[in-house]
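*Asks:* Submitted below is the structure of interest, expressed as structure tokens.
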Amino acid sequence: MLSIDLLLIFMIIAAILALQLKDLLSSVISIGFVGLGLSICFLLLKAPDLAIVQLVVEILVLIILIRMTVTHDGVIRHKNDKFLSVAAAVFTALFMIICYHALKYMPEFGSPLMKTSSVYLAKGFPATGASNIVSSIALGFRAYDSLAEIIVIFTAVIAVLAIMRNTGRRN
Amino acid sequence: MKGMTLIVKTVTRLTLGLIMLFGFYIFMHGHVSHGVGFAGGVIIALGFIHLMLAYGKKYAAAKIGEKQAYLLKNSGLLILLAISAAGFMYGKGFLGNFLGNGKPFELFSAGIMLLFNTAICAVVAGCLYLVFITLVEFKIKK
């Protein structure tokens with residue numbers, strides 16, 4: 001697991017760089033480094049389905065972000081609001097404390113609880129007929145999840161369209 | 001948005017078919033090997049975006065424009081709901097597998113998964129391409 005640790009260190013460095021750099025394009029590229037490193041992490045942890053999705057979505061997000069920064073369309077500068085920064089700090093601290101207490105009850109990394117997943121592993125292939133176990137879970141046992149996920153994307157895109165149409169078309 | 005140089009246009013013309021083919025492979029073989037409908041949809045949307053970046057707004061809008069993207073997204077979701085509700089007709093309930101499991105490791109197996117992946121792919125491709133079109137087409141500041 002040394003390679004994953006090294007990748008994680010590089011990803012943390014890239015994330016800090018993305019926050020601190022003055023140039024927006026460089027900071028977008030370091031965000032891209034974080035996402036692509038995450039994709040390689042998924043591949044090393046033997047989850048190729050997730051790695052494909054992460055890689056592809058990261059490239060799409062990078063294209064959109066680079067276009068936004070190059071044309072200086074979405075650059076909105078707010079004044080430094082002290083209330084907002086204090087509120088963000090307080091909520092982050094609260095979230096971290098709750099996370100610390102919640103994560104103590106999680107099973108250790110690499111030794112999961114096999115209550116429902118053992119049933120899925122045993123019955124996934126005969127019950128659904130799909131040789132890809134990830135598909136047999138995501139589209140067979142938990143098809144409601146997939147349906148809801150698609151509906152969430154649909155709703156999000158409709159919301160984006162509703163907001164963007166407010167300003168009118170370019171000439 | 002104008003197009004790019006002749007080199008980029010030529011490379012796009014050569015590679016766009018391969019990108020689309022890879023997207024189709026990813027979502028159609030989701031139940032046999034790695035890949036899901038979501039990833040296939042994003043790859044197909046990336047192919048459309050590639051066309052628009054290389055050739056410009058007008059050319060891409062003539063090939064696949066806003067209307068076609070809306071059609072893709074809406075018809076995908078309707079097909080998804082139709083597949084989900086079709087389980088009622090066979091007495092399997094909502095999202096029931098009404099086609100049977102079929103032979104394993106074949107393309108047309110595992111019941112409704114292929115149809116489901118196809119519909120998901122259409123919705124995702126239409127939605128994400130529509131976001132890009134909106135960023136190109138509409139003003140962001142007033």
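Starting from 1 in every chain, residues are counted up; chains themselves are A, B, ... following the order of the structure tokens, and ligands are numbered from 1 as listed.
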Please tabulate, as a tab-separated table, the residues of chain B that come within 8 Å of chain A, each with its closest pair of atoms and the distance in Å to one decimal, counting only C-alpha atoms and ordering rows by chain, then residue number upward.

*Replies:*
residue	atom	partner	partner_atom	distance
B:Gly30	CA	A:Ser135	CA	6.6
B:His31	CA	A:Ala130	CA	5.1
B:Val32	CA	A:Ser131	CA	5.2
B:Ser33	CA	A:Asn132	CA	5.5
B:His34	CA	A:Asp49	CA	5.5
B:Gly35	CA	A:Asp49	CA	5.3
B:Val36	CA	A:Ser135	CA	7.1
B:Phe38	CA	A:Val53	CA	7.3
B:Ala39	CA	A:Val53	CA	5.0
B:Val42	CA	A:Val56	CA	6.6
B:Ile43	CA	A:Val56	CA	6.6
B:Leu46	CA	A:Leu60	CA	6.7
B:Leu80	CA	A:Leu147	CA	8.0
B:Leu95	CA	A:Ala143	CA	7.1
B:Asn101	CA	A:Gly129	CA	5.0
B:Gly102	CA	A:Gly129	CA	7.0
B:Lys103	CA	A:Gly129	CA	7.5
B:Pro104	CA	A:Gly129	CA	5.8
B:Phe105	CA	A:Ser131	CA	6.3
B:Ser109	CA	A:Gly129	CA	6.9
B:Ala110	CA	A:Gly129	CA	4.5
B:Gly111	CA	A:Thr128	CA	7.5
B:Met113	CA	A:Leu139	CA	6.5
B:Phe116	CA	A:Leu139	CA	7.9
B:Ile120	CA	A:Ile150	CA	6.8
B:Val123	CA	A:Ile150	CA	7.4
B:Val124	CA	A:Ile150	CA	7.6
B:Cys127	CA	A:Val157	CA	6.2
B:Leu128	CA	A:Val157	CA	7.8
B:Leu130	CA	A:Val157	CA	7.9
B:Val131	CA	A:Val157	CA	6.8
B:Phe132	CA	A:Ile64	CA	7.1
B:Thr134	CA	A:Leu161	CA	7.0
B:Glu137	CA	A:Arg169	CA	5.9
B:Phe138	CA	A:Arg169	CA	4.3
B:Lys139	CA	A:Arg170	CA	5.4
B:Ile140	CA	A:Asp73	CA	6.3
B:Lys141	CA	A:Thr167	CA	6.9
B:Lys142	CA	A:Thr167	CA	5.6

*Asks:* Write out as a PyMOL selection string each polymer residue whose atoms come within 12 Å of A:Asp5, counting only C-alpha atoms; drop sequence neighbours fewer than 4 positions from it.

*Replies:* chain A and resi 1+9-12+37-38+40-41+44-45

*Asks:* Show which residues sit within 8 Å of A:Ser30, as a VMD selection string. Count only C-alpha atoms, and ignore same-chain residues fewer than 5 positions away.

*Replies:* chain A and resid 14 to 15 17 to 18

*Asks:* Grab the atom CA of B:Gly87 to atom CA of A:Asp145 distance for me, in Å with one decimal place.

*Replies:*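 Atom CA of A:Asp145 lies 17.0 Å from atom CA of B:Gly87.
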
*Asks:* Between atom CA of A:Ala122 and atom CA of A:Ile4, measure the distance and give it in Å to one decimal.

*Replies:* 29.7 Å

*Asks:* Could you name the residues that touch B:Leu53 at 9 Å or less, counting only C-alpha atoms, but leaving out those on the same chain fewer than 5 positions away, as a VMD selection string?

*Replies:* chain B and resid 1 to 4 48 60

*Asks:* So what do you get for atom CA of A:Leu84 versus atom CA of A:Leu19, distance-wise?

*Replies:*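 Rounded to one decimal, the two atoms are 17.4 Å apart.
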
*Asks:* List the spatial neighbours of A:Val28 as number ranges by chain - criterion: any atom at most 9 Å away, only C-alpha atoms, same-chain residues fewer than 5 positions off excluded.

*Replies:* A: 18, 23, 33, 62, 65-66, 69

*Asks:* Where in chain A does DSSP assign helix (DSSP H, G or I), given as number ranges by chain?

*Replies:* A: 2-20, 24-44, 48-70, 82-103, 116-128, 133-141, 143-164

*Asks:* Write out as a VMD selection string the residues lying within 8 Å of B:Ile112, counting only C-alpha atoms and excluding same-chain residues fewer than 2 positions away.

*Replies:* chain B and resid 83 97 to 99 110 114 to 116

*Asks:* So that I can see what lies close to B:Glu66, please list as a PyMOL selection string the residues with an atom at most 9 Å from it, counting only C-alpha atoms and leaving out residues fewer than 4 positions away in the same chain.

*Replies:* chain B and resi 61+70-71+129-130+133-134
